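For reference, structure_38.txt is printed below; it contains compact mmCIF, C-alpha atoms and all ligand atoms.
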```txt
# COMPACT_ATOMS: atom_id res chain seq x y z
CA MET A 26 -0.99 30.86 -0.64
CA TRP A 27 1.45 33.20 -2.35
CA MET A 28 -0.35 35.42 -4.80
CA ARG A 29 1.78 36.94 -7.50
CA SER A 30 1.12 40.48 -8.42
CA LEU A 31 -0.19 41.07 -11.90
CA PHE A 32 1.94 44.15 -12.41
CA HIS A 33 5.67 44.79 -12.37
CA GLU A 34 7.79 47.20 -10.38
CA GLY A 35 8.16 50.47 -12.30
CA GLU A 36 5.32 49.73 -14.69
CA TYR A 37 3.04 52.62 -15.71
CA LEU A 38 -0.68 51.94 -15.74
CA VAL A 39 -3.36 54.05 -17.37
CA ILE A 40 -6.37 53.30 -15.21
CA GLN A 41 -10.01 54.24 -15.44
CA SER A 42 -10.52 56.73 -12.62
CA TYR A 43 -14.17 57.49 -13.32
CA PRO A 44 -16.61 55.80 -13.17
CA ARG A 45 -15.12 53.45 -10.63
CA GLU A 46 -15.82 49.75 -10.94
CA HIS A 47 -15.45 46.86 -8.51
CA LYS A 48 -12.32 45.91 -10.36
CA LEU A 49 -9.38 48.05 -11.36
CA MET A 50 -9.83 48.80 -15.07
CA VAL A 51 -6.41 49.04 -16.71
CA GLU A 52 -6.53 50.63 -20.15
CA HIS A 53 -2.83 50.58 -21.00
CA ARG A 54 0.46 49.33 -19.55
CA SER A 55 3.94 50.52 -20.39
CA PHE A 56 7.39 50.92 -18.89
CA ASP A 57 7.83 54.14 -20.82
CA TYR A 58 6.55 57.23 -18.99
CA GLU A 59 6.10 59.47 -22.08
CA ASN A 60 4.28 56.70 -23.89
CA ALA A 61 1.96 56.06 -20.95
CA LYS A 62 1.34 59.77 -20.40
CA SER A 63 0.38 60.46 -24.02
CA HIS A 64 -1.80 57.36 -24.05
CA CYS A 65 -3.61 58.64 -20.98
CA GLU A 66 -4.14 62.10 -22.55
CA LEU A 67 -5.52 60.54 -25.74
CA GLU A 68 -7.93 58.35 -23.79
CA ASN A 69 -9.22 61.37 -21.91
CA LEU A 70 -9.74 63.28 -25.16
CA ALA A 71 -11.54 60.33 -26.73
CA HIS A 72 -14.05 59.78 -23.91
CA ASP A 73 -16.62 62.22 -22.59
CA TYR A 74 -17.97 60.28 -19.64
CA THR A 75 -14.99 58.23 -18.60
CA SER A 76 -11.75 59.57 -17.20
CA PHE A 77 -8.33 58.02 -17.02
CA SER A 78 -5.35 58.61 -14.77
CA LEU A 79 -1.74 57.60 -14.78
CA ARG A 80 -0.22 55.52 -12.00
CA ILE A 81 3.06 53.73 -11.43
CA PHE A 82 3.33 50.32 -9.79
CA HIS A 83 5.87 50.54 -7.00
CA ASP A 84 6.34 48.51 -3.80
CA GLU A 85 3.32 46.33 -4.69
CA GLN A 86 1.00 49.36 -4.75
CA LEU A 87 -0.21 52.06 -7.12
CA TRP A 88 1.31 55.52 -6.79
CA ASN A 89 0.53 58.91 -8.28
CA VAL A 90 3.43 60.16 -10.38
CA ASP A 91 5.31 63.44 -10.33
CA TYR A 92 6.17 65.43 -13.49
CA GLU A 93 9.12 63.14 -14.20
CA GLY A 94 7.03 60.02 -13.83
CA LYS A 95 8.47 59.04 -10.45
CA PRO A 96 6.26 57.75 -7.62
CA GLN A 97 5.03 60.78 -5.67
CA SER A 98 2.23 59.80 -3.33
CA LEU A 99 0.26 56.67 -2.65
CA SER A 100 -2.78 56.41 -4.89
CA LYS A 101 -6.23 56.32 -3.27
CA GLN A 102 -7.23 53.98 -6.05
CA GLN A 103 -5.59 50.58 -5.73
CA ASP A 104 -5.97 47.13 -7.22
CA TRP A 105 -8.44 46.05 -4.55
CA ARG A 106 -9.13 42.31 -4.45
CA ILE A 107 -12.61 41.42 -3.31
CA ALA A 108 -13.04 38.00 -1.72
CA GLN A 109 -14.98 35.58 -3.91
CA GLU A 110 -17.75 34.89 -1.38
CA TYR A 111 -18.66 38.59 -1.27
CA LEU A 112 -18.66 38.89 -5.04
CA GLU A 113 -20.96 35.87 -5.22
CA ALA A 114 -23.31 37.45 -2.69
CA HIS A 115 -23.25 40.65 -4.73
CA TYR A 116 -24.24 38.91 -7.95
CA ALA A 117 -26.70 36.52 -6.33
CA MET A 118 -30.35 37.35 -6.85
CA HIS A 119 -32.62 38.23 -3.93
CA THR A 120 -29.97 39.05 -1.37
CA ASP A 121 -30.12 42.16 0.78
CA ALA A 122 -26.46 42.78 0.25
CA GLU A 123 -24.15 44.31 -2.28
CA VAL A 124 -20.62 45.41 -2.94
CA VAL A 125 -20.44 49.20 -3.04
CA VAL A 126 -17.53 51.30 -4.23
CA CYS A 127 -16.58 54.25 -2.05
CA GLN A 128 -15.92 57.62 -3.69
CA CYS A 129 -12.20 56.91 -3.24
CA SER A 130 -12.45 53.53 -5.13
CA TYR A 131 -12.39 51.32 -2.02
CA PRO A 132 -14.95 48.48 -2.31
CA TYR A 133 -16.94 47.47 0.75
CA PHE A 134 -19.88 45.22 1.44
CA LEU A 135 -23.26 46.52 2.57
CA SER A 136 -25.76 44.14 4.06
CA LEU A 137 -29.15 44.72 5.60
CA THR A 138 -28.93 43.64 9.23
CA SER A 139 -31.54 43.62 11.97
CA HIS A 140 -30.87 44.87 15.45
CA ILE A 141 -32.78 46.09 18.49
CA SER A 142 -32.76 49.82 19.07
CA ASN A 143 -32.35 51.58 22.46
CA ASN A 144 -36.11 51.80 22.95
CA GLY A 145 -36.60 48.10 22.25
CA GLU A 146 -37.82 48.32 18.67
CA SER A 147 -36.59 45.97 16.02
CA MET A 148 -34.82 47.92 13.27
CA THR A 149 -32.92 47.15 10.14
CA SER A 150 -30.01 49.12 8.85
CA TRP A 151 -27.25 48.81 6.29
CA GLN A 152 -24.06 47.55 7.89
CA PRO A 153 -20.81 48.16 6.01
CA LEU A 154 -18.22 45.37 6.16
CA THR A 155 -14.76 44.94 4.72
CA CYS A 156 -14.69 42.42 1.87
CA LEU A 157 -11.12 42.38 0.61
CA VAL A 158 -9.22 39.10 0.30
CA ARG A 159 -6.72 40.24 2.93
CA ASP A 160 -9.16 41.99 5.23
CA LEU A 161 -12.64 40.58 5.33
CA GLY A 162 -15.70 40.61 7.48
CA ARG A 163 -14.80 43.56 9.70
CA ASP A 164 -17.63 45.91 10.72
CA ILE A 165 -16.62 49.40 9.66
CA GLN A 166 -18.14 52.84 10.18
CA THR A 167 -15.72 54.78 8.02
CA CYS A 168 -13.80 53.90 4.89
CA PRO A 169 -10.41 52.36 5.82
CA ASN A 170 -8.93 54.03 2.73
CA CYS A 171 -10.22 57.62 2.84
CA ASN A 172 -12.02 57.85 6.20
CA ALA A 173 -15.35 58.94 4.71
CA SER A 174 -18.37 58.00 6.77
CA LEU A 175 -20.07 54.91 5.34
CA VAL A 176 -22.99 54.74 7.73
CA ARG A 177 -26.25 55.96 6.38
CA ALA A 178 -28.42 56.94 9.31
CA ASP A 179 -31.95 57.11 7.97
CA GLU A 180 -33.52 58.15 11.27
CA SER A 181 -31.16 60.81 12.51
CA GLU A 182 -31.13 64.16 10.72
CA ASP A 183 -27.80 65.18 12.17
CA ASP A 184 -26.06 62.13 10.75
CA ASP A 185 -27.70 62.66 7.39
CA PHE A 186 -26.01 66.02 7.19
CA ASP A 187 -22.59 64.44 7.76
CA PHE A 188 -23.20 61.85 5.11
CA ASP A 189 -24.21 64.47 2.55
CA ASP A 190 -21.09 66.44 3.35
CA GLN A 191 -18.97 63.37 2.68
CA VAL A 192 -20.52 62.43 -0.63
CA SER A 193 -20.24 65.93 -2.02
CA ARG A 194 -16.60 66.38 -1.07
CA PRO A 195 -14.44 66.46 -4.22
CA ILE A 196 -12.08 63.50 -4.73
CA ALA A 197 -9.02 65.75 -4.52
CA CYS A 198 -10.12 66.97 -1.08
CA ILE A 199 -10.58 63.61 0.63
CA GLY A 200 -8.46 63.64 3.76
CA CYS A 201 -7.12 67.15 3.06
CA ALA A 202 -6.70 69.51 6.01
CA ASN A 203 -7.30 72.56 3.79
CA TYR A 204 -10.81 71.42 2.90
CA HIS A 205 -13.50 73.88 3.95
CA GLY A 206 -16.63 73.03 1.94
CA VAL A 207 -19.13 75.49 3.40
CA ASP A 208 -22.10 76.69 1.39
CA TYR A 209 -22.46 80.50 1.49
CA GLY A 210 -25.81 80.85 -0.22
CA ASP A 211 -24.94 80.79 -3.93
CA ASN A 212 -21.32 79.76 -3.56
CA VAL A 213 -19.58 76.81 -1.97
CA LEU A 214 -16.12 77.69 -0.74
CA VAL A 215 -14.18 74.46 -1.29
CA CYS A 216 -10.98 75.72 0.30
CA GLY A 217 -9.03 78.93 0.80
CA ILE A 218 -6.39 78.08 -1.81
CA HIS A 219 -8.74 76.85 -4.55
CA PRO A 220 -12.17 78.42 -3.85
CA ASN A 221 -13.78 76.42 -6.66
CA GLY A 222 -11.93 73.22 -5.93
CA TRP A 223 -9.35 71.32 -7.92
CA ASP A 224 -10.36 69.47 -11.10
CA SER A 225 -8.17 66.40 -11.06
CA GLU A 226 -7.35 64.01 -8.25
CA ASN A 227 -3.92 65.38 -7.52
CA CYS A 228 -4.21 68.82 -6.00
CA PRO A 229 -0.75 70.43 -5.61
CA ASP A 230 -1.79 71.84 -2.23
CA TYR A 231 -3.05 68.58 -0.75
CA HIS A 232 -2.23 68.53 2.93
CA PRO A 233 -3.06 65.40 4.97
ZN ZN A 301 -13.12 55.68 0.73
```
So that I can check it, write out the structure of this file as structure tokens.
Amino acid sequence: MWMRSLFHEGEYLVIQSYPREHKLMVEHRSFDYENAKSHCELENLAHDYTSFSLRIFHDEQLWNVDYEGKPQSLSKQQDWRIAQEYLEAHYAMHTDAEVVVCQCSYPYFLSLTSHISNNGESMTSWQPLTCLVRDLGRDIQTCPNCNASLVRADESEDDDFDFDDQVSRPIACIGCANYHGVDYGDNVLVCGIHPNGWDSENCPDYHP
């Protein structure tokens, strides 16, 4: 079935970038860059606990914009479409399963599954699965969008450390080669260029 996109080529979208929901929350739409930009700034001033970002719809995807409002880089946050059956499982009562949103905005499905461990014990663990309309039911270990580890290893201390590292990594640093993120006692050195990290999502020194 052909699904028409809700947005139009060249359209600016002011989207909610924090907190992230299962669905893309679009606050404002406009074909005028200045209009969209000022709307985005006003929304950010008006809300303390919600942040908004500007994107442009181009080639059927959301893009970050440059200072002239042209598409610059592919946005981590997209208009993800979750398949209905997974949404139903998420909202159903008494299921050991839920739709979780990755730090990068990518939604995936976590379900409690039983398996037999190496030493023959029966164990349960949370298995992440893809749940998008176009890509569903795949077992995944890392986020297909940002590569963060999605597997929570309750038993292994080593893996716990990795998971903590991933959740504390700033959004701007996901997938960036400059990311350092080592804790030196009182200070965390985020990277050599921006020792305290970068506030917004679009770090000018992002290097994949
Ligand atoms: Zn992700």
* Near-Trp88 (chain A) list (9 Å; all atoms listed in the file; drop same-chain fewer than 4 positions) as a list in words -> Leu79, Arg80, Ile81, Phe82, His83, Lys95, Pro96, Gln97, Ser98, Leu99, Ser100, Lys101, Gln102 and Gln103 of chain A
Could you write those residues out with C-alpha atoms, as a tab-separated table (two decimals), in the frame of the given file?
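Result file is out-v5.tsv:
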```
chain	number	residue	atom	x	y	z
A	79	LEU	CA	-1.74	57.60	-14.78
A	80	ARG	CA	-0.22	55.52	-12.00
A	81	ILE	CA	3.06	53.73	-11.43
A	82	PHE	CA	3.33	50.32	-9.79
A	83	HIS	CA	5.87	50.54	-7.00
A	95	LYS	CA	8.47	59.04	-10.45
A	96	PRO	CA	6.26	57.75	-7.62
A	97	GLN	CA	5.03	60.78	-5.67
A	98	SER	CA	2.23	59.80	-3.33
A	99	LEU	CA	0.26	56.67	-2.65
A	100	SER	CA	-2.78	56.41	-4.89
A	101	LYS	CA	-6.23	56.32	-3.27
A	102	GLN	CA	-7.23	53.98	-6.05
A	103	GLN	CA	-5.59	50.58	-5.73
```
* **Selection: 9 Å around Leu157 (chain A), all atoms listed in the file, excl. self and same-chain fewer than 4 positions, as a ChimeraX atom specification** => /A:105-108,111,132-133,161-162
* **Expected answer as a list in words: all residues with atoms within 10 Å of (8.5, 58.6, -15.7), only C-alpha atoms** =>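 Residues close enough to count: Gly35, Glu36, Tyr37, Phe56, Asp57, Tyr58, Glu59, Asn60, Ala61, Lys62, Arg80, Ile81, Val90, Asp91, Tyr92, Glu93, Gly94, Lys95 and Pro96 of chain A.
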Write out as a compact mmCIF listing (two decimals) with C-alpha atoms, keeping the file's coordinate frame each polymer residue (protein, DNA or RNA) that has an atom no more than 7 Å from ligand ZN 301 (chain A), with all atoms listed in the file counted.
```
# COMPACT_ATOMS: atom_id res chain seq x y z
CA CYS A 127 -16.58 54.25 -2.05
CA GLN A 128 -15.92 57.62 -3.69
CA CYS A 129 -12.20 56.91 -3.24
CA SER A 130 -12.45 53.53 -5.13
CA TYR A 131 -12.39 51.32 -2.02
CA CYS A 168 -13.80 53.90 4.89
CA PRO A 169 -10.41 52.36 5.82
CA ASN A 170 -8.93 54.03 2.73
CA CYS A 171 -10.22 57.62 2.84
CA ASN A 172 -12.02 57.85 6.20
CA ALA A 173 -15.35 58.94 4.71
```
* Asked: CA of Asp224 (chain A) and CA of Phe32 (chain A) are how many Å apart?
  ->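 Pair CA of Asp224 (chain A) / CA of Phe32 (chain A) returns 28.2 Å.
When only C-alpha atoms are used to compute distances to Glu85 (chain A), the closest of the residues A:Asp104, A:Val176, A:Tyr43, A:Ser142 turns out to be A:Asp104.
Among A:Gln109, A:Pro229, A:Arg194, A:Arg45, the residue with the shortest atom-to-atom distance to Val213 (chain A), counting only C-alpha atoms, is A:Arg194.
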* To do: Would you please work out which residue, of A:Leu112, A:Leu214, A:Ala71, A:Val125, is nearest to Glu46 (chain A) when using all atoms listed in the file?
  =>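 Looking at the shortest contact to Glu46 (chain A), the residue is A:Val125.
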* Minimum-distance residue to Gln152 (chain A), chosen among A:Cys228, A:Cys216, A:Val124, A:Met118 (using only C-alpha atoms) -> A:Val124
* Asked: Any idea what the distance is between CA of Phe77 (chain A) and CA of Ala114 (chain A)?
  ->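 We find that CA of Phe77 (chain A) and CA of Ala114 (chain A) lie 29.2 Å from each other.
You can rank A:Phe134, A:Tyr74, A:Tyr204, A:Trp223 by their closest distance to Asp121 (chain A) using all atoms listed in the file, and at the top of that list sits A:Phe134.
Considering only C-alpha atoms, the residue among A:Cys198, A:Leu154, A:Val126, A:Leu70 positioned nearest to Pro44 (chain A) is A:Val126.
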* To do: Can you work out the spacing between CA of Thr149 (chain A) and CA of Leu137 (chain A) in Å, to one decimal?
  =>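 These two atoms are separated by 6.4 Å.
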For region 67-155 of chain A, write C-alpha atoms out as a PDB file, in the first residue's frame.
```pdb
ATOM      1  CA  LEU A  67       9.527  31.526  21.124  1.00  0.00           C
ATOM      2  CA  GLU A  68       8.465  27.994  22.003  1.00  0.00           C
ATOM      3  CA  ASN A  69      11.795  27.378  23.712  1.00  0.00           C
ATOM      4  CA  LEU A  70      11.453  30.595  25.715  1.00  0.00           C
ATOM      5  CA  ALA A  71       7.908  29.724  26.729  1.00  0.00           C
ATOM      6  CA  HIS A  72       8.654  26.216  28.032  1.00  0.00           C
ATOM      7  CA  ASP A  73      10.999  25.248  30.838  1.00  0.00           C
ATOM      8  CA  TYR A  74      10.857  21.475  30.585  1.00  0.00           C
ATOM      9  CA  THR A  75      10.212  20.944  26.917  1.00  0.00           C
ATOM     10  CA  SER A  76      12.575  21.801  24.094  1.00  0.00           C
ATOM     11  CA  PHE A  77      11.923  22.356  20.437  1.00  0.00           C
ATOM     12  CA  SER A  78      14.101  22.094  17.357  1.00  0.00           C
ATOM     13  CA  LEU A  79      13.810  23.130  13.762  1.00  0.00           C
ATOM     14  CA  ARG A  80      13.895  20.614  10.928  1.00  0.00           C
ATOM     15  CA  ILE A  81      13.237  20.698   7.206  1.00  0.00           C
ATOM     16  CA  PHE A  82      11.413  17.947   5.336  1.00  0.00           C
ATOM     17  CA  HIS A  83      13.535  16.909   2.382  1.00  0.00           C
ATOM     18  CA  ASP A  84      13.731  13.653   0.403  1.00  0.00           C
ATOM     19  CA  GLU A  85      10.998  12.098   2.598  1.00  0.00           C
ATOM     20  CA  GLN A  86      13.095  12.590   5.745  1.00  0.00           C
ATOM     21  CA  LEU A  87      13.793  15.196   8.408  1.00  0.00           C
ATOM     22  CA  TRP A  88      17.032  17.163   8.165  1.00  0.00           C
ATOM     23  CA  ASN A  89      18.852  19.568  10.444  1.00  0.00           C
ATOM     24  CA  VAL A  90      19.129  22.991   8.826  1.00  0.00           C
ATOM     25  CA  ASP A  91      22.115  25.248   8.272  1.00  0.00           C
ATOM     26  CA  TYR A  92      22.106  28.999   9.040  1.00  0.00           C
ATOM     27  CA  GLU A  93      20.278  29.720   5.788  1.00  0.00           C
ATOM     28  CA  GLY A  94      17.621  27.128   6.474  1.00  0.00           C
ATOM     29  CA  LYS A  95      18.926  24.617   3.930  1.00  0.00           C
ATOM     30  CA  PRO A  96      19.124  20.883   4.712  1.00  0.00           C
ATOM     31  CA  GLN A  97      22.502  20.246   6.342  1.00  0.00           C
ATOM     32  CA  SER A  98      22.594  16.803   7.893  1.00  0.00           C
ATOM     33  CA  LEU A  99      20.128  14.009   8.391  1.00  0.00           C
ATOM     34  CA  SER A 100      18.211  14.392  11.634  1.00  0.00           C
ATOM     35  CA  LYS A 101      18.523  11.654  14.266  1.00  0.00           C
ATOM     36  CA  GLN A 102      14.909  12.340  15.100  1.00  0.00           C
ATOM     37  CA  GLN A 103      12.561  11.195  12.360  1.00  0.00           C
ATOM     38  CA  ASP A 104       8.855  10.620  11.898  1.00  0.00           C
ATOM     39  CA  TRP A 105       9.102   7.003  13.019  1.00  0.00           C
ATOM     40  CA  ARG A 106       5.995   4.914  12.311  1.00  0.00           C
ATOM     41  CA  ILE A 107       5.386   2.166  14.829  1.00  0.00           C
ATOM     42  CA  ALA A 108       3.425  -0.838  13.601  1.00  0.00           C
ATOM     43  CA  GLN A 109      -0.065  -1.036  15.078  1.00  0.00           C
ATOM     44  CA  GLU A 110       0.370  -4.479  16.654  1.00  0.00           C
ATOM     45  CA  TYR A 111       3.311  -3.236  18.726  1.00  0.00           C
ATOM     46  CA  LEU A 112       1.450  -0.144  19.846  1.00  0.00           C
ATOM     47  CA  GLU A 113      -1.457  -2.348  20.910  1.00  0.00           C
ATOM     48  CA  ALA A 114       0.900  -4.568  22.892  1.00  0.00           C
ATOM     49  CA  HIS A 115       2.380  -1.469  24.498  1.00  0.00           C
ATOM     50  CA  TYR A 116      -0.984  -0.149  25.648  1.00  0.00           C
ATOM     51  CA  ALA A 117      -2.404  -3.542  26.592  1.00  0.00           C
ATOM     52  CA  MET A 118      -2.558  -4.265  30.298  1.00  0.00           C
ATOM     53  CA  HIS A 119      -0.542  -7.084  31.856  1.00  0.00           C
ATOM     54  CA  THR A 120       1.946  -7.623  29.077  1.00  0.00           C
ATOM     55  CA  ASP A 121       5.657  -7.939  29.718  1.00  0.00           C
ATOM     56  CA  ALA A 122       6.418  -5.726  26.784  1.00  0.00           C
ATOM     57  CA  GLU A 123       6.599  -2.071  25.927  1.00  0.00           C
ATOM     58  CA  VAL A 124       7.656   0.415  23.311  1.00  0.00           C
ATOM     59  CA  VAL A 125      10.724   2.310  24.496  1.00  0.00           C
ATOM     60  CA  VAL A 126      12.198   5.417  22.932  1.00  0.00           C
ATOM     61  CA  CYS A 127      15.976   5.461  22.514  1.00  0.00           C
ATOM     62  CA  GLN A 128      17.909   8.575  23.533  1.00  0.00           C
ATOM     63  CA  CYS A 129      18.136   9.434  19.824  1.00  0.00           C
ATOM     64  CA  SER A 130      14.284   9.251  19.386  1.00  0.00           C
ATOM     65  CA  TYR A 131      14.217   5.818  17.722  1.00  0.00           C
ATOM     66  CA  PRO A 132      11.359   3.670  19.110  1.00  0.00           C
ATOM     67  CA  TYR A 133      11.949  -0.019  19.728  1.00  0.00           C
ATOM     68  CA  PHE A 134      10.057  -2.812  21.407  1.00  0.00           C
ATOM     69  CA  LEU A 135      11.249  -4.496  24.589  1.00  0.00           C
ATOM     70  CA  SER A 136       9.765  -7.798  25.608  1.00  0.00           C
ATOM     71  CA  LEU A 137      10.584 -10.137  28.436  1.00  0.00           C
ATOM     72  CA  THR A 138      11.767 -13.397  26.897  1.00  0.00           C
ATOM     73  CA  SER A 139      12.889 -16.633  28.497  1.00  0.00           C
ATOM     74  CA  HIS A 140      15.952 -18.514  27.395  1.00  0.00           C
ATOM     75  CA  ILE A 141      18.360 -21.126  28.721  1.00  0.00           C
ATOM     76  CA  SER A 142      21.734 -19.853  29.848  1.00  0.00           C
ATOM     77  CA  ASN A 143      25.120 -21.533  29.183  1.00  0.00           C
ATOM     78  CA  ASN A 144      25.016 -23.367  32.504  1.00  0.00           C
ATOM     79  CA  GLY A 145      21.530 -24.721  31.841  1.00  0.00           C
ATOM     80  CA  GLU A 146      19.526 -22.317  33.975  1.00  0.00           C
ATOM     81  CA  SER A 147      16.313 -20.812  32.763  1.00  0.00           C
ATOM     82  CA  MET A 148      16.637 -17.024  32.592  1.00  0.00           C
ATOM     83  CA  THR A 149      14.543 -14.134  31.460  1.00  0.00           C
ATOM     84  CA  SER A 150      15.868 -11.010  29.872  1.00  0.00           C
ATOM     85  CA  TRP A 151      14.596  -8.009  27.973  1.00  0.00           C
ATOM     86  CA  GLN A 152      14.940  -8.529  24.242  1.00  0.00           C
ATOM     87  CA  PRO A 153      14.866  -5.423  22.033  1.00  0.00           C
ATOM     88  CA  LEU A 154      13.063  -5.757  18.696  1.00  0.00           C
ATOM     89  CA  THR A 155      12.423  -3.405  15.827  1.00  0.00           C
TER      90      THR A 155
END
```
